[in-house]
Amino acid sequence: MRIVVCIKQVPDTTNVRINPKTNTLMREGVESIVNPFDEYALEEALRLKDEAGAHVTVVSMGPPQAMAVLREALARGADDAFLVSSRAFGGADTLATSYTLAMAIKKACDGKTPDLVLFGKQAIDGDTAQVGPGVSEFLGVPLVTYVKQISLKDGNGNFVVTTVMDDGEHVIEGNFPAVMTVLKEASTPRFAPLSGAMRAAKAEISVLDEKAISADPIRIGLKGSPTKVVTIFPPPVKGGGEKVDARGDAAAGAKAIAKFLAEKGLVK
Amino acid sequence: MADAPVFIDPAKCKGCAKCVKGCGFGALKMVDAPGANKAGKLAEVDPAACKACSACIKACPFKAISEVKQEIYGTAGIENYRNIWVFAEQSHGKVAEVAFELLAKALELKAQRGDGAQVAAVLLGHGLTPEIEQSLIAAGADVVYKVDDPALEDYEANVYVDAVSQLVEKHKPEIILAGATAVGRAFFARVAVKVRTGLTADCTMLKVEETKNKDTGAMQMLLHQTRPAFGGNIMATIMTPNHRPQMATVRPKVFKKAPHDPSRKGQVLLEALKLIAPQTKLLKTVRDPDAIDIAAHDILISGGRGLKSADNFKLLFRLAELLGGEVSCSRACVDAGWAPVSRQVGQTGKTVAPKLYLCFGISGAIQHLEGIRGADTIIAVNSDPNAPIFGVADLGIVGDLFEILPALVKELEK
């Protein structure tokens, strides 16, 4: 089985700067971590590898420093890694990113469609949850989202997964190939063994640019992005209302609340 | 005027008019050009009529015609896209509340456009009843596009993508909104990619305004899509100037429902689509009997890190009982294992819009405040007088919650 896990390096702080010229985020110089949800996706892939045997490829799109998250994935047990990186990819929205990643996945798998492509539920910087579904469309394979458990069935290419939806948990059956987005309920990410870390440090990671993935230049980066960030501004601040200092006089605080509730007609 | 998709090189054109005959759309004609060549004529293309089919390129014996790479990446014929659509998510005959909230917003956008654009609801399912359609019309839909098919009995992302994409390609809506539910977020993102347009997730503000397109310089009625990013530390306004439809998702309870008007009239159009087969099969749905939907309650009594233990939630439950509400919490309580994630309010939990949000020991991280923006009244009790929660509270009590909470219970028991 061939599994591809897409992982993203995200800023670990909310102090993110904005490029005033392009109105896009500047990631240079911001300390970075693996997107937490992607760690669960990687763990699911490694668990399936342990159970049934699989070749696990990790792919990350980002600046050269994103190499770090790929090395960490290799240390934990991924078999190979590809960094999708070029200035031409900068400013990509979810459509351009989905296109770029899908082309990179095909390249990484020598033009073949992998059996399973895993994503974290969403990235904590953008919070869109759109790239996994987007890649499924470009690869033309079925999509399953919000997966908390993956089981392989009968060893003949079928799966049974549990997904968490608004009306409860759905148990779903299907066939590979598929793209899935994984929840943190899935599993606890493992630590990299020392031997893995040593192997990862020496591993060669291929860098794929727009030429390597044969991307249509008009569909990548800022230019290939239908959505344009027009303005960025701080969130509106609502002024606070009445304030009562009830330190040392709890009864006064309780009375103030009861009175307020009565005035608003909120008492049963 | 837009650039033509093909370029005719006057140095190579011999005025033979073979391209004019080759064009199936009447987009080419010969114009007089004395001295340009022996025939004294040059081919000219009408950019509005040209469909970029490249038949003329093949027809030209002199290789005078070539394809022009479009400088602006966009949807062809965007002026043909009209109307405002709302995805009316339903499950087993029950329409998700967020669909009604979005219909109310769609009516506002329609008024802002003021050009007679229609509001349409997209309804997918099997065995759909007239009551569902009428409820959507009463909430603001001028048109209900209904797809009733056994393949749509249960939610299956891939069939949903197929159905909505087909409708988009057929009817060309200018704007589509969907609830950012587990269903809406997942399949809608794939629809946007399938029809090759942009999608903005979790919008908290939407308006239509005449805006200058930076690429073409033209004035356009564009959807301004505003959403929080980076845990709510940044608000960003996003537009989709060159692609259609303009797509956005909105979390439940962000917009308010409008009162239903049963006298409203609307059209129900049954769409017979040839759908793909479901790609996955739903074996069963497991519902948690203890599951609670905090977003459905008008009164929420909420606890945060300041509660210090799971046991102390008992006090909140007593208060909730007295006020007829439900108990919710901040992320810290879920992370500490004091409360289940189903009770969590905030960016990674639920967005709520109760009449009353009464909270104890919640400092008010930006992610939490984002989740309670829609609350009518906020009362906060916290020991730190500088807690950010006081910045949004209508009534703030600085003090020890372990003293104030029992005192309040006693006060209300009177």
# chains A, B, ... in the order shown; residues from 1 in each chain; ligands from 1
>>> closest_atom_pairs(of="chain A", to="chain B", cutoff="6 Å", atoms="only C-alpha atoms", output="CSV")
residue,atom,partner,partner_atom,distance
A:Thr14,CA,B:Phe230,CA,5.8
A:Asp125,CA,B:Phe230,CA,5.1
A:Gly126,CA,B:Ala229,CA,6.0
A:Thr128,CA,B:Ala201,CA,5.4
A:Gln130,CA,B:Ala189,CA,5.1
A:Pro133,CA,B:Arg190,CA,5.0
A:Gly134,CA,B:Arg190,CA,5.0
A:Met165,CA,B:Ala182,CA,5.5
A:Gly168,CA,B:Arg287,CA,4.5
A:Glu169,CA,B:Val286,CA,4.9
A:His170,CA,B:Thr285,CA,4.5
A:Val171,CA,B:Lys284,CA,5.3
A:Ile172,CA,B:Leu282,CA,4.5
A:Glu173,CA,B:Lys281,CA,5.1
A:Gly174,CA,B:Thr280,CA,4.5
A:Pro226,CA,B:Gly198,CA,5.0
A:Thr227,CA,B:Thr240,CA,4.6
A:Lys228,CA,B:Met239,CA,5.3
A:Val229,CA,B:Ile238,CA,4.4
A:Val230,CA,B:Ile238,CA,5.5
A:Thr231,CA,B:Thr237,CA,5.2
A:Ile232,CA,B:Ala236,CA,4.4
A:Phe233,CA,B:Met235,CA,5.2
A:Pro234,CA,B:Ile234,CA,5.2
A:Pro235,CA,B:Met235,CA,5.6
A:Lys238,CA,B:Val392,CA,5.4
A:Gly239,CA,B:Gly391,CA,5.5
A:Gly240,CA,B:Gly391,CA,4.1
A:Gly241,CA,B:Asp394,CA,4.2
A:Glu242,CA,B:Leu395,CA,4.9
A:Lys243,CA,B:Gly396,CA,4.5
A:Val244,CA,B:Ile397,CA,4.9
A:Asp245,CA,B:Val398,CA,4.8
A:Ala246,CA,B:Gly399,CA,5.0
A:Arg247,CA,B:Gly399,CA,4.4
A:Ala250,CA,B:Ile404,CA,4.8
A:Ala251,CA,B:Ala407,CA,6.0
A:Ala254,CA,B:Leu408,CA,4.5
A:Val267,CA,B:Leu323,CA,6.0
A:Lys268,CA,B:Leu323,CA,5.8
>>> write_last_selection(atoms="N, CA and C atoms", output="CSV table (one decimal), in the first residue's frame")
chain,number,residue,atom,x,y,z
A,14,THR,N,0.8,33.4,17.5
A,14,THR,CA,-0.3,34.1,16.8
A,14,THR,C,0.2,35.5,16.4
A,125,ASP,N,-3.3,27.6,11.3
A,125,ASP,CA,-3.1,29.0,10.9
A,125,ASP,C,-4.2,29.5,10.1
A,126,GLY,N,-4.6,28.8,9.1
A,126,GLY,CA,-5.7,29.2,8.2
A,126,GLY,C,-7.1,28.7,8.7
A,128,THR,N,-9.0,26.5,7.5
A,128,THR,CA,-10.0,26.4,6.4
A,128,THR,C,-10.6,25.0,6.3
A,130,GLN,N,-9.9,23.1,3.9
A,130,GLN,CA,-10.3,23.0,2.5
A,130,GLN,C,-9.3,22.3,1.6
A,133,PRO,N,-10.0,18.3,0.9
A,133,PRO,CA,-11.1,18.1,-0.1
A,133,PRO,C,-10.6,18.6,-1.5
A,134,GLY,N,-9.9,19.7,-1.5
A,134,GLY,CA,-9.4,20.2,-2.8
A,134,GLY,C,-8.5,19.2,-3.5
A,165,MET,N,-19.4,13.3,12.8
A,165,MET,CA,-20.3,14.3,12.1
A,165,MET,C,-21.1,15.0,13.2
A,168,GLY,N,-23.6,12.7,15.1
A,168,GLY,CA,-23.0,11.5,15.7
A,168,GLY,C,-21.9,10.9,14.9
A,169,GLU,N,-21.5,9.7,15.2
A,169,GLU,CA,-20.4,9.1,14.5
A,169,GLU,C,-20.9,8.2,13.4
A,170,HIS,N,-20.3,8.4,12.2
A,170,HIS,CA,-20.7,7.6,11.0
A,170,HIS,C,-19.7,6.5,10.8
A,171,VAL,N,-20.1,5.3,10.7
A,171,VAL,CA,-19.2,4.2,10.3
A,171,VAL,C,-19.4,4.0,8.8
A,172,ILE,N,-18.3,4.2,8.1
A,172,ILE,CA,-18.3,4.2,6.6
A,172,ILE,C,-17.4,3.2,6.0
A,173,GLU,N,-17.9,2.6,4.9
A,173,GLU,CA,-17.1,1.6,4.2
A,173,GLU,C,-16.8,2.1,2.8
A,174,GLY,N,-15.6,1.8,2.3
A,174,GLY,CA,-15.3,2.2,1.0
A,174,GLY,C,-14.0,1.5,0.5
A,226,PRO,N,-7.9,32.4,-6.8
A,226,PRO,CA,-9.1,33.2,-7.1
A,226,PRO,C,-9.4,34.2,-5.9
A,227,THR,N,-9.1,33.7,-4.7
A,227,THR,CA,-9.4,34.6,-3.5
A,227,THR,C,-8.3,35.6,-3.3
A,228,LYS,N,-8.6,36.8,-3.1
A,228,LYS,CA,-7.6,37.9,-2.9
A,228,LYS,C,-7.9,38.5,-1.5
A,229,VAL,N,-6.9,38.5,-0.7
A,229,VAL,CA,-7.0,39.2,0.6
A,229,VAL,C,-7.0,40.7,0.4
A,230,VAL,N,-8.0,41.4,0.6
A,230,VAL,CA,-8.1,42.8,0.2
A,230,VAL,C,-7.6,43.7,1.4
A,231,THR,N,-8.2,43.4,2.6
A,231,THR,CA,-7.7,44.1,3.8
A,231,THR,C,-7.6,43.2,4.9
A,232,ILE,N,-6.7,43.6,5.8
A,232,ILE,CA,-6.5,42.9,7.1
A,232,ILE,C,-6.6,44.0,8.2
A,233,PHE,N,-7.4,43.6,9.2
A,233,PHE,CA,-7.5,44.6,10.3
A,233,PHE,C,-7.7,43.9,11.6
A,234,PRO,N,-7.4,44.6,12.7
A,234,PRO,CA,-7.6,44.0,14.0
A,234,PRO,C,-9.1,43.8,14.3
A,235,PRO,N,-9.4,42.7,15.1
A,235,PRO,CA,-10.8,42.4,15.4
A,235,PRO,C,-11.5,43.6,16.2
A,238,LYS,N,-15.4,45.3,21.6
A,238,LYS,CA,-16.7,45.7,22.2
A,238,LYS,C,-16.3,46.3,23.6
A,239,GLY,N,-16.8,47.4,23.9
A,239,GLY,CA,-16.5,48.0,25.2
A,239,GLY,C,-17.2,47.3,26.3
A,240,GLY,N,-16.6,47.1,27.4
A,240,GLY,CA,-17.2,46.4,28.5
A,240,GLY,C,-18.3,47.3,29.1
A,241,GLY,N,-19.2,46.6,29.8
A,241,GLY,CA,-20.3,47.3,30.5
A,241,GLY,C,-20.0,47.6,31.9
A,242,GLU,N,-21.0,47.5,32.7
A,242,GLU,CA,-20.9,47.8,34.1
A,242,GLU,C,-20.0,46.8,34.8
A,243,LYS,N,-19.2,47.3,35.8
A,243,LYS,CA,-18.3,46.4,36.5
A,243,LYS,C,-18.5,46.6,38.0
A,244,VAL,N,-18.6,45.5,38.7
A,244,VAL,CA,-18.8,45.5,40.1
A,244,VAL,C,-17.6,44.8,40.8
A,245,ASP,N,-16.9,45.5,41.7
A,245,ASP,CA,-15.8,44.9,42.5
A,245,ASP,C,-16.4,44.2,43.7
A,246,ALA,N,-16.5,42.9,43.6
A,246,ALA,CA,-17.1,42.1,44.7
A,246,ALA,C,-16.0,41.4,45.5
A,247,ARG,N,-14.8,41.9,45.5
A,247,ARG,CA,-13.7,41.2,46.2
A,247,ARG,C,-14.0,41.5,47.7
A,250,ALA,N,-18.8,39.0,48.5
A,250,ALA,CA,-19.5,38.1,47.5
A,250,ALA,C,-21.0,38.3,47.3
A,251,ALA,N,-21.6,38.6,48.5
A,251,ALA,CA,-23.0,38.8,48.5
A,251,ALA,C,-23.4,39.9,47.5
A,254,ALA,N,-23.3,38.7,44.0
A,254,ALA,CA,-24.4,37.8,43.7
A,254,ALA,C,-25.7,38.6,43.5
A,267,VAL,N,-34.8,35.6,34.7
A,267,VAL,CA,-35.0,34.7,35.8
A,267,VAL,C,-36.3,33.9,35.6
A,268,LYS,N,-36.2,32.6,35.8
A,268,LYS,CA,-37.4,31.8,35.6
A,268,LYS,C,-38.6,32.2,36.5
>>> closest_residue(among="A:Ala178, A:Cys109, A:Ile124, A:Ile33", to="Gly140 in chain A", atoms="only C-alpha atoms")
A:Ala178
>>> closest_residue(among="A:Phe260, A:Tyr99, A:Phe37, A:Phe176", to="Lys121 in chain A", atoms="only C-alpha atoms")
A:Phe37
>>> atom_distance(atom1="CA of Asp216 in chain A", atom2="CA of Pro64 in chain A")
21.7 Å
>>> residues_around(residues="Leu74 in chain A", least_positions_apart="4", cutoff="10 Å", atoms="only C-alpha atoms", output="CSV table (one decimal) with N, CA and C atoms, in the first residue's frame")
chain,number,residue,atom,x,y,z
A,56,VAL,N,5.2,4.8,3.2
A,56,VAL,CA,4.7,6.1,3.6
A,56,VAL,C,5.6,7.3,3.1
A,57,THR,N,4.9,8.1,2.3
A,57,THR,CA,5.6,9.3,1.7
A,57,THR,C,5.0,10.5,2.4
A,58,VAL,N,5.9,11.4,2.8
A,58,VAL,CA,5.4,12.7,3.3
A,58,VAL,C,5.7,13.8,2.4
A,68,ALA,N,12.4,20.9,7.9
A,68,ALA,CA,12.4,20.4,9.3
A,68,ALA,C,11.3,19.5,9.6
A,69,VAL,N,10.1,19.8,9.2
A,69,VAL,CA,8.9,18.9,9.5
A,69,VAL,C,9.0,17.6,8.8
A,70,LEU,N,9.6,17.7,7.6
A,70,LEU,CA,9.8,16.4,6.8
A,70,LEU,C,10.8,15.5,7.5
A,78,ALA,N,8.5,7.6,8.4
A,78,ALA,CA,8.1,7.7,7.0
A,78,ALA,C,9.3,7.3,6.1
A,79,ASP,N,8.9,6.8,4.9
A,79,ASP,CA,9.9,6.2,4.0
A,79,ASP,C,10.7,7.2,3.1
A,80,ASP,N,9.9,8.2,2.6
A,80,ASP,CA,10.6,9.2,1.9
A,80,ASP,C,9.8,10.5,2.0
A,81,ALA,N,10.4,11.6,1.5
A,81,ALA,CA,9.8,12.9,1.8
A,81,ALA,C,10.1,13.8,0.6
A,192,ALA,N,10.0,10.0,17.8
A,192,ALA,CA,10.9,9.4,16.9
A,192,ALA,C,12.0,8.6,17.7
A,196,GLY,N,15.9,6.5,14.2
A,196,GLY,CA,15.2,7.2,13.2
A,196,GLY,C,15.7,8.6,13.0
A,197,ALA,N,16.0,9.3,14.1
A,197,ALA,CA,16.5,10.6,14.0
A,197,ALA,C,17.8,10.7,13.2
A,198,MET,N,18.7,9.7,13.5
A,198,MET,CA,20.0,9.6,12.8
A,198,MET,C,19.8,9.4,11.3
A,199,ARG,N,18.9,8.5,11.0
A,199,ARG,CA,18.6,8.1,9.6
A,199,ARG,C,18.0,9.4,8.9
A,200,ALA,N,17.1,10.1,9.6
A,200,ALA,CA,16.4,11.2,9.0
A,200,ALA,C,17.4,12.4,8.7
A,201,ALA,N,18.4,12.5,9.6
A,201,ALA,CA,19.4,13.6,9.4
A,201,ALA,C,20.2,13.4,8.2
A,203,ALA,N,19.0,11.6,5.5
A,203,ALA,CA,18.2,11.4,4.3
A,203,ALA,C,18.2,12.5,3.3
A,205,ILE,N,16.2,14.7,0.8
A,205,ILE,CA,14.8,15.2,0.6
A,205,ILE,C,14.8,15.9,-0.8
>>> closest_residue(among="B:Ser135, B:Thr211, B:Gln90, B:Ser330", to="Tyr160 in chain B", atoms="only C-alpha atoms")
B:Gln90
>>> select_by_dssp(residues="range 31-173 of chain B", states="helix (DSSP H, G or I)", output="number ranges by chain")
B: 55-59, 78-80, 97-113, 130-138, 150-152, 157-171
>>> residues_around(residues="range 261-269 of chain B", least_positions_apart="3", cutoff="8 Å", atoms="only C-alpha atoms", output="NGL selection string")
:B and (133-135 or 137-146)
>>> residues_around(residues="Leu152 in chain A", least_positions_apart="4", cutoff="12 Å", atoms="only C-alpha atoms", output="list of chain:residue names")
A:Met1, A:Glu44, A:Ala45, A:Arg47, A:Leu48, A:Lys49, A:Glu51, A:Ala52, A:Gly53, A:Asp115, A:Leu116, A:Asn156, A:Gly157, A:Asn158, A:Phe159, A:Val160, A:Val161, A:Thr162, A:Ile172, A:Glu173, A:Gly174, A:Asn175, A:Phe176
>>> residues_around(residues="Leu208 in chain A", least_positions_apart="2", cutoff="8 Å", atoms="only C-alpha atoms", output="ChimeraX atom specification")
/A:82-86,104,206,210-213
>>> write_last_selection(atoms="N, CA and C atoms", output="PDB file, in the first residue's frame")
ATOM      1  N   PHE A  82       9.151  14.714   0.333  1.00  0.00           N
ATOM      2  CA  PHE A  82       9.295  15.694  -0.750  1.00  0.00           C
ATOM      3  C   PHE A  82       8.896  17.071  -0.242  1.00  0.00           C
ATOM      4  N   LEU A  83       9.745  18.037  -0.521  1.00  0.00           N
ATOM      5  CA  LEU A  83       9.415  19.422  -0.183  1.00  0.00           C
ATOM      6  C   LEU A  83       8.970  20.131  -1.463  1.00  0.00           C
ATOM      7  N   VAL A  84       7.764  20.649  -1.415  1.00  0.00           N
ATOM      8  CA  VAL A  84       7.217  21.352  -2.578  1.00  0.00           C
ATOM      9  C   VAL A  84       7.469  22.830  -2.331  1.00  0.00           C
ATOM     10  N   SER A  85       8.444  23.362  -3.030  1.00  0.00           N
ATOM     11  CA  SER A  85       8.901  24.692  -2.644  1.00  0.00           C
ATOM     12  C   SER A  85       9.410  25.488  -3.837  1.00  0.00           C
ATOM     13  N   SER A  86       8.912  26.695  -3.944  1.00  0.00           N
ATOM     14  CA  SER A  86       9.366  27.612  -4.979  1.00  0.00           C
ATOM     15  C   SER A  86       8.768  28.980  -4.674  1.00  0.00           C
ATOM     16  N   ALA A 104       2.140  17.583  -7.051  1.00  0.00           N
ATOM     17  CA  ALA A 104       3.334  17.103  -6.350  1.00  0.00           C
ATOM     18  C   ALA A 104       3.161  15.650  -5.899  1.00  0.00           C
ATOM     19  N   SER A 206      13.938  15.416  -1.676  1.00  0.00           N
ATOM     20  CA  SER A 206      13.848  16.075  -2.981  1.00  0.00           C
ATOM     21  C   SER A 206      13.010  17.337  -2.858  1.00  0.00           C
ATOM     22  N   GLU A 210       7.940  24.262  -9.493  1.00  0.00           N
ATOM     23  CA  GLU A 210       6.833  24.243 -10.465  1.00  0.00           C
ATOM     24  C   GLU A 210       7.182  23.460 -11.729  1.00  0.00           C
ATOM     25  N   LYS A 211       8.462  23.452 -12.081  1.00  0.00           N
ATOM     26  CA  LYS A 211       8.858  22.701 -13.278  1.00  0.00           C
ATOM     27  C   LYS A 211       8.829  21.208 -12.995  1.00  0.00           C
ATOM     28  N   ALA A 212       9.321  20.835 -11.818  1.00  0.00           N
ATOM     29  CA  ALA A 212       9.384  19.409 -11.465  1.00  0.00           C
ATOM     30  C   ALA A 212       8.002  18.771 -11.436  1.00  0.00           C
ATOM     31  N   ILE A 213       6.989  19.548 -11.033  1.00  0.00           N
ATOM     32  CA  ILE A 213       5.645  18.960 -10.957  1.00  0.00           C
ATOM     33  C   ILE A 213       4.819  19.281 -12.212  1.00  0.00           C
TER      34      ILE A 213
END
>>> closest_residue(among="B:Pro252, B:Gly116, B:Gly77, B:Pro47", to="Leu102 in chain B", atoms="only C-alpha atoms")
B:Pro252
